[in-house]
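J.: You'll find structure_33.pdb just under this line, and it carries PDB, C-alpha atoms.
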```pdb
ATOM      1  CA  MET C   1     118.637 120.811  93.123  1.00  0.00           C
ATOM      2  CA  SER C   2     115.874 122.982  91.853  1.00  0.00           C
ATOM      3  CA  ALA C   3     112.469 122.963  93.490  1.00  0.00           C
ATOM      4  CA  GLY C   4     110.964 122.790  89.996  1.00  0.00           C
ATOM      5  CA  PRO C   5     109.770 125.234  87.357  1.00  0.00           C
ATOM      6  CA  GLY C   6     108.516 128.464  88.868  1.00  0.00           C
ATOM      7  CA  HIS C   7     109.764 127.580  92.369  1.00  0.00           C
ATOM      8  CA  ARG C   8     112.889 128.801  94.116  1.00  0.00           C
ATOM      9  CA  CYS C   9     114.721 127.061  96.916  1.00  0.00           C
ATOM     10  CA  ALA C  10     116.825 129.101  99.353  1.00  0.00           C
ATOM     11  CA  LEU C  11     119.581 126.503  98.954  1.00  0.00           C
ATOM     12  CA  GLU C  12     120.029 126.805  95.184  1.00  0.00           C
ATOM     13  CA  GLY C  13     123.412 128.541  95.472  1.00  0.00           C
ATOM     14  CA  ARG C  14     122.235 131.823  94.017  1.00  0.00           C
ATOM     15  CA  SER C  15     123.567 134.001  96.812  1.00  0.00           C
ATOM     16  CA  ASN C  16     127.283 133.230  96.444  1.00  0.00           C
ATOM     17  CA  GLU C  17     129.840 133.831  93.709  1.00  0.00           C
ATOM     18  CA  GLN C  18     130.250 130.175  92.735  1.00  0.00           C
ATOM     19  CA  GLY C  19     126.496 129.683  92.456  1.00  0.00           C
ATOM     20  CA  ARG C  20     126.051 132.836  90.380  1.00  0.00           C
ATOM     21  CA  ARG C  21     128.928 131.872  88.079  1.00  0.00           C
ATOM     22  CA  ALA C  22     127.562 128.353  87.607  1.00  0.00           C
ATOM     23  CA  THR C  23     124.147 129.783  86.749  1.00  0.00           C
ATOM     24  CA  ALA C  24     125.697 132.252  84.299  1.00  0.00           C
ATOM     25  CA  ASP C  25     127.669 129.421  82.646  1.00  0.00           C
ATOM     26  CA  GLY C  26     124.649 127.093  82.613  1.00  0.00           C
ATOM     27  CA  VAL C  27     126.322 124.384  84.670  1.00  0.00           C
ATOM     28  CA  PRO C  28     125.106 122.540  87.773  1.00  0.00           C
ATOM     29  CA  PHE C  29     126.402 123.760  91.131  1.00  0.00           C
ATOM     30  CA  LEU C  30     126.762 121.648  94.257  1.00  0.00           C
ATOM     31  CA  HIS C  31     128.036 122.976  97.568  1.00  0.00           C
ATOM     32  CA  MET C  32     128.836 120.416 100.231  1.00  0.00           C
ATOM     33  CA  GLU C  33     129.409 121.106 103.920  1.00  0.00           C
ATOM     34  CA  PHE C  34     131.404 118.695 106.039  1.00  0.00           C
ATOM     35  CA  SER C  35     131.585 118.623 109.819  1.00  0.00           C
ATOM     36  CA  ARG C  36     134.855 119.591 111.447  1.00  0.00           C
ATOM     37  CA  SER C  37     135.454 115.930 112.360  1.00  0.00           C
ATOM     38  CA  VAL C  38     135.497 115.128 108.636  1.00  0.00           C
ATOM     39  CA  ARG C  39     137.441 118.226 107.565  1.00  0.00           C
ATOM     40  CA  ASP C  40     140.141 117.630 110.173  1.00  0.00           C
ATOM     41  CA  ASP C  41     140.653 113.933 109.396  1.00  0.00           C
ATOM     42  CA  GLU C  42     142.278 113.118 106.055  1.00  0.00           C
ATOM     43  CA  ASN C  43     140.932 109.549 106.020  1.00  0.00           C
ATOM     44  CA  ARG C  44     137.374 110.698 106.718  1.00  0.00           C
ATOM     45  CA  MET C  45     137.670 113.373 104.019  1.00  0.00           C
ATOM     46  CA  ARG C  46     138.933 110.831 101.482  1.00  0.00           C
ATOM     47  CA  THR C  47     136.060 108.508 102.394  1.00  0.00           C
ATOM     48  CA  ALA C  48     133.510 111.321 101.974  1.00  0.00           C
ATOM     49  CA  VAL C  49     134.951 112.412  98.627  1.00  0.00           C
ATOM     50  CA  ALA C  50     135.063 108.816  97.368  1.00  0.00           C
ATOM     51  CA  ALA C  51     131.427 108.314  98.366  1.00  0.00           C
ATOM     52  CA  LEU C  52     130.396 111.460  96.500  1.00  0.00           C
ATOM     53  CA  ALA C  53     132.429 110.479  93.451  1.00  0.00           C
ATOM     54  CA  THR C  54     130.585 107.168  93.150  1.00  0.00           C
ATOM     55  CA  THR C  55     127.171 108.776  93.742  1.00  0.00           C
ATOM     56  CA  LEU C  56     127.235 111.878  91.565  1.00  0.00           C
ATOM     57  CA  PRO C  57     126.990 111.753  87.771  1.00  0.00           C
TER
END
```
Here is a file; write its structure as structure tokens.

T.:
Amino acid sequence: MSAGPGHRCALEGRSNEQGRRATADGVPFLHMEFSRSVRDDENRMRTAVAALATTLP
């Protein structure tokens, strides 16, 4: 999420390949980090993904 016109946020995804490609293609970029307890548990991962799917446009 942008900090607004004229402002840059360190978390805008501009320092990695996916973020740069999204910017070049003019598409939104979202990077999510999950704790190991979520990554290592298929049910927790499915729950997290389902929650994001219902929240994001």

J.: Between CA of Leu52 (chain C) and CA of Leu30 (chain C), what distance in Å does the model show, to one decimal?

T.: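 CA of Leu30 (chain C) lies at a distance of 11.0 Å from CA of Leu52 (chain C).
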
J.: One number please: CA of Arg20 (chain C) to CA of Phe34 (chain C), in Å, one decimal.

T.: 21.8 Å

J.: Work out how far CA of Val49 (chain C) is from CA of Pro28 (chain C), in Å to one decimal.

T.: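 Between CA of Pro28 (chain C) and CA of Val49 (chain C) the gap works out to 17.8 Å.
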
J.: Generate the coordinates of N, CA and C atoms for region 27-55 of chain C; report them as a PDB file, in the frame of the given file.

T.:
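Written file, selection_32.pdb:
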```pdb
ATOM      1  N   VAL C  27     125.852 125.672  84.168  1.00  0.00           N
ATOM      2  CA  VAL C  27     126.322 124.384  84.670  1.00  0.00           C
ATOM      3  C   VAL C  27     125.751 124.121  86.064  1.00  0.00           C
ATOM      4  N   PRO C  28     125.606 122.858  86.435  1.00  0.00           N
ATOM      5  CA  PRO C  28     125.106 122.540  87.773  1.00  0.00           C
ATOM      6  C   PRO C  28     126.086 123.005  88.848  1.00  0.00           C
ATOM      7  N   PHE C  29     125.568 123.322  90.002  1.00  0.00           N
ATOM      8  CA  PHE C  29     126.402 123.760  91.131  1.00  0.00           C
ATOM      9  C   PHE C  29     126.006 122.955  92.358  1.00  0.00           C
ATOM     10  N   LEU C  30     127.002 122.405  93.032  1.00  0.00           N
ATOM     11  CA  LEU C  30     126.762 121.648  94.257  1.00  0.00           C
ATOM     12  C   LEU C  30     127.733 122.132  95.311  1.00  0.00           C
ATOM     13  N   HIS C  31     127.206 122.547  96.439  1.00  0.00           N
ATOM     14  CA  HIS C  31     128.036 122.976  97.568  1.00  0.00           C
ATOM     15  C   HIS C  31     127.830 121.980  98.692  1.00  0.00           C
ATOM     16  N   MET C  32     128.921 121.407  99.159  1.00  0.00           N
ATOM     17  CA  MET C  32     128.836 120.416 100.231  1.00  0.00           C
ATOM     18  C   MET C  32     129.470 120.984 101.494  1.00  0.00           C
ATOM     19  N   GLU C  33     128.859 120.737 102.616  1.00  0.00           N
ATOM     20  CA  GLU C  33     129.409 121.106 103.920  1.00  0.00           C
ATOM     21  C   GLU C  33     129.782 119.826 104.651  1.00  0.00           C
ATOM     22  N   PHE C  34     130.955 119.827 105.242  1.00  0.00           N
ATOM     23  CA  PHE C  34     131.404 118.695 106.039  1.00  0.00           C
ATOM     24  C   PHE C  34     131.632 119.157 107.468  1.00  0.00           C
ATOM     25  N   SER C  35     131.345 118.295 108.414  1.00  0.00           N
ATOM     26  CA  SER C  35     131.585 118.623 109.819  1.00  0.00           C
ATOM     27  C   SER C  35     133.090 118.743 110.058  1.00  0.00           C
ATOM     28  N   ARG C  36     133.440 119.418 111.121  1.00  0.00           N
ATOM     29  CA  ARG C  36     134.855 119.591 111.447  1.00  0.00           C
ATOM     30  C   ARG C  36     135.547 118.233 111.610  1.00  0.00           C
ATOM     31  N   SER C  37     134.833 117.247 112.165  1.00  0.00           N
ATOM     32  CA  SER C  37     135.454 115.930 112.360  1.00  0.00           C
ATOM     33  C   SER C  37     135.842 115.295 111.028  1.00  0.00           C
ATOM     34  N   VAL C  38     135.131 115.621 109.965  1.00  0.00           N
ATOM     35  CA  VAL C  38     135.497 115.128 108.636  1.00  0.00           C
ATOM     36  C   VAL C  38     136.600 116.001 108.044  1.00  0.00           C
ATOM     37  N   ARG C  39     136.440 117.322 108.138  1.00  0.00           N
ATOM     38  CA  ARG C  39     137.441 118.226 107.565  1.00  0.00           C
ATOM     39  C   ARG C  39     138.814 118.036 108.186  1.00  0.00           C
ATOM     40  N   ASP C  40     138.865 117.735 109.467  1.00  0.00           N
ATOM     41  CA  ASP C  40     140.141 117.630 110.173  1.00  0.00           C
ATOM     42  C   ASP C  40     140.800 116.252 110.093  1.00  0.00           C
ATOM     43  N   ASP C  41     140.130 115.292 109.463  1.00  0.00           N
ATOM     44  CA  ASP C  41     140.653 113.933 109.396  1.00  0.00           C
ATOM     45  C   ASP C  41     140.799 113.533 107.923  1.00  0.00           C
ATOM     46  N   GLU C  42     142.031 113.402 107.471  1.00  0.00           N
ATOM     47  CA  GLU C  42     142.278 113.118 106.055  1.00  0.00           C
ATOM     48  C   GLU C  42     141.592 111.833 105.595  1.00  0.00           C
ATOM     49  N   ASN C  43     141.591 110.802 106.413  1.00  0.00           N
ATOM     50  CA  ASN C  43     140.932 109.549 106.020  1.00  0.00           C
ATOM     51  C   ASN C  43     139.427 109.722 105.890  1.00  0.00           C
ATOM     52  N   ARG C  44     138.820 110.449 106.819  1.00  0.00           N
ATOM     53  CA  ARG C  44     137.374 110.698 106.718  1.00  0.00           C
ATOM     54  C   ARG C  44     137.054 111.540 105.482  1.00  0.00           C
ATOM     55  N   MET C  45     137.902 112.528 105.193  1.00  0.00           N
ATOM     56  CA  MET C  45     137.670 113.373 104.019  1.00  0.00           C
ATOM     57  C   MET C  45     137.784 112.546 102.741  1.00  0.00           C
ATOM     58  N   ARG C  46     138.791 111.697 102.661  1.00  0.00           N
ATOM     59  CA  ARG C  46     138.933 110.831 101.482  1.00  0.00           C
ATOM     60  C   ARG C  46     137.724 109.906 101.327  1.00  0.00           C
ATOM     61  N   THR C  47     137.238 109.382 102.421  1.00  0.00           N
ATOM     62  CA  THR C  47     136.060 108.508 102.394  1.00  0.00           C
ATOM     63  C   THR C  47     134.832 109.279 101.892  1.00  0.00           C
ATOM     64  N   ALA C  48     134.652 110.497 102.392  1.00  0.00           N
ATOM     65  CA  ALA C  48     133.510 111.321 101.974  1.00  0.00           C
ATOM     66  C   ALA C  48     133.597 111.665 100.493  1.00  0.00           C
ATOM     67  N   VAL C  49     134.774 112.064 100.038  1.00  0.00           N
ATOM     68  CA  VAL C  49     134.951 112.412  98.627  1.00  0.00           C
ATOM     69  C   VAL C  49     134.743 111.190  97.732  1.00  0.00           C
ATOM     70  N   ALA C  50     135.261 110.040  98.146  1.00  0.00           N
ATOM     71  CA  ALA C  50     135.063 108.816  97.368  1.00  0.00           C
ATOM     72  C   ALA C  50     133.586 108.451  97.274  1.00  0.00           C
ATOM     73  N   ALA C  51     132.866 108.617  98.378  1.00  0.00           N
ATOM     74  CA  ALA C  51     131.427 108.314  98.366  1.00  0.00           C
ATOM     75  C   ALA C  51     130.684 109.245  97.406  1.00  0.00           C
ATOM     76  N   LEU C  52     131.031 110.525  97.435  1.00  0.00           N
ATOM     77  CA  LEU C  52     130.396 111.460  96.500  1.00  0.00           C
ATOM     78  C   LEU C  52     130.744 111.126  95.064  1.00  0.00           C
ATOM     79  N   ALA C  53     131.989 110.781  94.811  1.00  0.00           N
ATOM     80  CA  ALA C  53     132.429 110.479  93.451  1.00  0.00           C
ATOM     81  C   ALA C  53     131.677 109.293  92.856  1.00  0.00           C
ATOM     82  N   THR C  54     131.307 108.330  93.680  1.00  0.00           N
ATOM     83  CA  THR C  54     130.585 107.168  93.150  1.00  0.00           C
ATOM     84  C   THR C  54     129.089 107.424  93.048  1.00  0.00           C
ATOM     85  N   THR C  55     128.607 108.478  93.703  1.00  0.00           N
ATOM     86  CA  THR C  55     127.171 108.776  93.742  1.00  0.00           C
ATOM     87  C   THR C  55     126.755 109.792  92.695  1.00  0.00           C
TER      88      THR C  55
END
```
